[in-house]
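Notes to accompany the following structure.
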Amino acid sequence: MRAFLFPGQGSQSVGMGKALAEASAAARDVFGEVDEALGQHLFRLMSEGPDEELKLTENAQPAIMANALAVYRSLTQEGGVSLEKAAHFVAGHSLGEYSALAAAGSFDLATTAMLLKLRGQAMQRAVPVGEGAMAALLGADLDLAQRIAATAAEGEVCEVANDNDPSQVVISGHTGAIDRAIEVAKEMGAKRAIALPVSAPFHCSLMQPAADAMAEALGKVEIAAPAVPLFANVTAAATADPDAIRDQLVQQVTGMVRWRESIANMAAAGVEEFVELGGKVLGPMVKRIAPDAKVISVVTIEDIEAIAKELA
C-alpha cells in the first residue's frame, strides 16, 4: 500500500517550481491558475523572491500548495499516473492537508488557493506580531513536550502544536511562555529547544480568530468526497466524509498536528511506501516514525519521470 504526502509551511524557498515549470506544461498551468485565482504574480515571487515576501504566511501557504500540485499534475497528467490506482491514502502536514484534498478532488485548484490565502491572512491577523512564538523541542517525545509546555505556561498559552516524530515536537503560544519553555526544556530532558522563525503561533488556542474565519469560509464552499481517504491532522484517522473534513479543517487551525500518529496509523493499516510530492521535509520524519517504510521525495521533473515509470 502507498500514501501520497504533501508538505507544510517551512518548505518554501526562492526558485521553487521554476525548473519544473520550464519542463512541464501541466506545472505551468497550475502556476497560472493559482496566479489568476489570487490576482497576484505568486509564481514570479516563488521564482525570483524576495525571500522575505515569500516567507509571509499569506504567500507561503498558497505557494507551497501550488508547487506540490504542480508536481502532482505533472505526475498524473503527463506521467499517466492515476491517484486511485497509485495511492490508498493522502495526507498533508498542516496547510498540506489542503494540497492533499485538492489532489484528491475535494477542492478545485482556484478554491484551494483562495482558502489558503485567506488562512494565511487570518492566522497572521489572529495574534499581533511579537506576542506569539513557536519552538521546536528536539529529543523530546509528546509526553515530555506536554510537561515542558505545562511548566512554562504560568497562566499564558503554551501548547503542543506539532507532534512531528518521536524526536521532534513543536510548541506554540505566548512569546513569554515559549521563552520560558526554551529555558527549562534541557533541564527537563529535551536535547535542545530552538525558537522557530515564524510570524505567528500556529496550531494553538491563540489562533481561534483564524479558526472562526476559516469556519465561515469553508461553510461557503462545496467539498467533494476525496478520491481516496484523507488521514486528517487532528484525528490521525482516515475519512472521506465531506462534512467531517470541513469540521476537521476548522479544528486544525487551533489543534495539534498529529503527524507522528498519522504516519504510524497508516503504517499499521498496511502502507509500506510514502511518496512526498513537492518537498523533502516530511520524508525524514516518516523514516523516524516508520523505519521500515520506503520513502520517496518527488520534486524535480527527473523525480517525476522516475516514479511515473514505477506507478503508471
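Scheme for the C-alpha cells: letters A, B, ... for chains in order shown; per-chain residue numbers from 1; ligand numbers from 1 in order shown.
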Under the rule of at most 12 Å, produce a per-residue listing of region 88-150 of chain A near region 77-83 of chain A: chain, number, name, the closest pair of atoms, and the distance in Å, as a Markdown table, using only C-alpha atoms.
```
| residue | atom | partner | partner_atom | distance |
| --- | --- | --- | --- | --- |
| A:His88 | CA | A:Leu83 | CA | 8.3 |
| A:Phe89 | CA | A:Leu83 | CA | 9.2 |
| A:Val90 | CA | A:Leu83 | CA | 9.3 |
| A:Ala100 | CA | A:Leu83 | CA | 11.0 |
| A:Leu101 | CA | A:Leu83 | CA | 11.8 |
| A:Ala102 | CA | A:Leu83 | CA | 11.7 |
| A:Ala103 | CA | A:Leu83 | CA | 8.2 |
| A:Ala104 | CA | A:Leu83 | CA | 7.4 |
| A:Gly105 | CA | A:Leu83 | CA | 10.0 |
```
Could you dump the residues just selected with C-alpha atoms as a tab-separated table (two decimals), in the first residue's frame?
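What ended up in part-v8.tsv:
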```tsv
chain	number	residue	atom	x	y	z
A	88	HIS	CA	-4.60	4.24	-0.89
A	89	PHE	CA	-4.47	7.42	1.25
A	90	VAL	CA	-3.46	11.08	1.06
A	100	ALA	CA	-3.88	16.65	-0.36
A	101	LEU	CA	-7.58	17.42	-0.68
A	102	ALA	CA	-7.04	19.32	-3.92
A	103	ALA	CA	-5.09	16.37	-5.33
A	104	ALA	CA	-7.90	14.02	-4.31
A	105	GLY	CA	-10.54	16.21	-5.96
```
Quick one: which region 91-164 of chain A residues come within 12 Å of region 273-278 of chain A, and what is the nearest atom pair for each with the distance in Å to one decimal, counting only C-alpha atoms, rows ordered by chain and ascending number, as a Markdown table?
```
| residue | atom | partner | partner_atom | distance |
| --- | --- | --- | --- | --- |
| A:Ala91 | CA | A:Glu276 | CA | 9.6 |
| A:Gly92 | CA | A:Glu276 | CA | 9.2 |
| A:His93 | CA | A:Glu276 | CA | 10.7 |
| A:Gly96 | CA | A:Leu277 | CA | 10.0 |
| A:Ser99 | CA | A:Leu277 | CA | 9.7 |
| A:Ala100 | CA | A:Leu277 | CA | 9.6 |
| A:Ala103 | CA | A:Leu277 | CA | 10.4 |
```
Okay, now the selection with C-alpha atoms, as a short mmCIF file (atom, residue, chain, number, x, y, z; two decimals), in the first residue's frame?
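Writing done, so here's out21.cif:
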```
data_model
loop_
_atom_site.label_atom_id
_atom_site.label_comp_id
_atom_site.auth_asym_id
_atom_site.auth_seq_id
_atom_site.Cartn_x
_atom_site.Cartn_y
_atom_site.Cartn_z
CA ALA A 91 -2.23 13.25 3.93
CA GLY A 92 -0.67 16.67 4.34
CA HIS A 93 1.16 18.47 7.12
CA GLY A 96 -0.50 20.43 3.16
CA SER A 99 -2.95 20.26 -1.08
CA ALA A 100 -3.88 16.65 -0.36
CA ALA A 103 -5.09 16.37 -5.33
#
```
Would you list the contacts of region 253-267 of chain A as number ranges by chain, taking every protein, DNA or RNA residue within 6 Å and counting only C-alpha atoms, but skipping same-chain residues closer than 2 positions in sequence? A: 161-165, 203-205, 207, 211, 233-234, 236, 250-251, 269-271
So which residues touch Leu95 (chain A) within 7 Å, counting only C-alpha atoms, skipping near sequence neighbours fewer than 4 positions away, as a list of chain:residue names? A:Gly8, A:Gln9, A:Gln61
Students should find that CA of Leu282 (chain A) and CA of Met114 (chain A) are spaced 24.4 Å
Set the distance at 12 Å and use only C-alpha atoms: which residues neighbour region 24-26 of chain A once local chain neighbours fewer than 2 positions away are removed? I'd like the list as a ChimeraX atom specification. /A:17-22,28-33,66-67,69-80,300-302,304-305
Those of region 65-180 of chain A in DSSP alpha helix (DSSP H), formatted as number ranges by chain: A: 65-73, 83-86, 96-103, 109-126, 142-153, 175-180
Using only C-alpha atoms, the best pick from A:Arg192, A:Arg147, A:Arg180, A:Lys280 as closest to Asp303 (chain A) would be A:Lys280
Using Å and a single decimal, report how far CA of Asp247 (chain A) sits from CA of Ile148 (chain A).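 About the pair CA of Ile148 (chain A) and CA of Asp247 (chain A): they are 29.4 Å apart.
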Tell me, as an MDAnalysis selection string, which residues lie within 10 Å of Asp241 (chain A), counting only C-alpha atoms; anything in the same chain fewer than 5 positions away does not count. chainID A and resid 223:226 229:230 246
For CA of Thr111 (chain A) and CA of Pro50 (chain A), the interatomic separation in Å (one decimal):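 Result for CA of Thr111 (chain A) versus CA of Pro50 (chain A): 25.7 Å, one decimal.
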Test item: residues at most 8 Å from Leu144 (chain A), only C-alpha atoms, excluding those fewer than 3 positions along its chain, as a PDB file with N, CA and C atoms, in the first residue's frame:
```
ATOM      1  N   ALA A 140      12.707  15.183  22.248  1.00  0.00           N
ATOM      2  CA  ALA A 140      11.576  15.167  23.176  1.00  0.00           C
ATOM      3  C   ALA A 140      10.405  14.469  22.512  1.00  0.00           C
ATOM      4  N   ASP A 141       9.741  13.586  23.252  1.00  0.00           N
ATOM      5  CA  ASP A 141       8.529  12.972  22.728  1.00  0.00           C
ATOM      6  C   ASP A 141       7.320  13.789  23.191  1.00  0.00           C
ATOM      7  N   ARG A 147       4.697  18.161  29.211  1.00  0.00           N
ATOM      8  CA  ARG A 147       5.119  18.542  30.557  1.00  0.00           C
ATOM      9  C   ARG A 147       5.912  19.852  30.539  1.00  0.00           C
ATOM     10  N   ILE A 148       6.762  20.016  29.537  1.00  0.00           N
ATOM     11  CA  ILE A 148       7.527  21.266  29.397  1.00  0.00           C
ATOM     12  C   ILE A 148       6.569  22.432  29.176  1.00  0.00           C
ATOM     13  N   MET A 188      14.695  19.625  31.758  1.00  0.00           N
ATOM     14  CA  MET A 188      13.589  18.677  31.906  1.00  0.00           C
ATOM     15  C   MET A 188      13.765  17.435  31.040  1.00  0.00           C
ATOM     16  N   GLY A 189      14.826  17.409  30.204  1.00  0.00           N
ATOM     17  CA  GLY A 189      15.127  16.182  29.472  1.00  0.00           C
ATOM     18  C   GLY A 189      15.204  16.277  27.967  1.00  0.00           C
ATOM     19  N   ALA A 190      14.869  17.435  27.395  1.00  0.00           N
ATOM     20  CA  ALA A 190      14.996  17.593  25.942  1.00  0.00           C
ATOM     21  C   ALA A 190      16.466  17.813  25.573  1.00  0.00           C
TER      22      ALA A 190
END
```
Using only C-alpha atoms, pick whichever of A:Ala308, A:Leu45, A:Val198, A:Val34 has the shortest atom-to-atom distance to Leu115 (chain A). A:Val34
Using only C-alpha atoms: which of A:Glu48, A:Asp35, A:Glu58, A:Glu187 has the shortest distance to Gly120 (chain A):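 Of A:Glu48, A:Asp35, A:Glu58, A:Glu187, the one nearest Gly120 (chain A), counting only C-alpha atoms, is A:Glu58.
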My list of candidates is A:Ile296, A:Leu137, A:Ala60, A:Ala232. Which is closest to Ala244 (chain A) when distances are computed with only C-alpha atoms? A:Ala232
Go through A:Ala227, A:Ala177, A:Ala193, A:Ile289 and flag the residue nearest Ala136 (chain A), using only C-alpha atoms for the distances. A:Ala193
A:Ala217, A:Ala195, A:Ala23, A:Val157: which is nearest Leu138 (chain A), counting only C-alpha atoms? A:Ala195
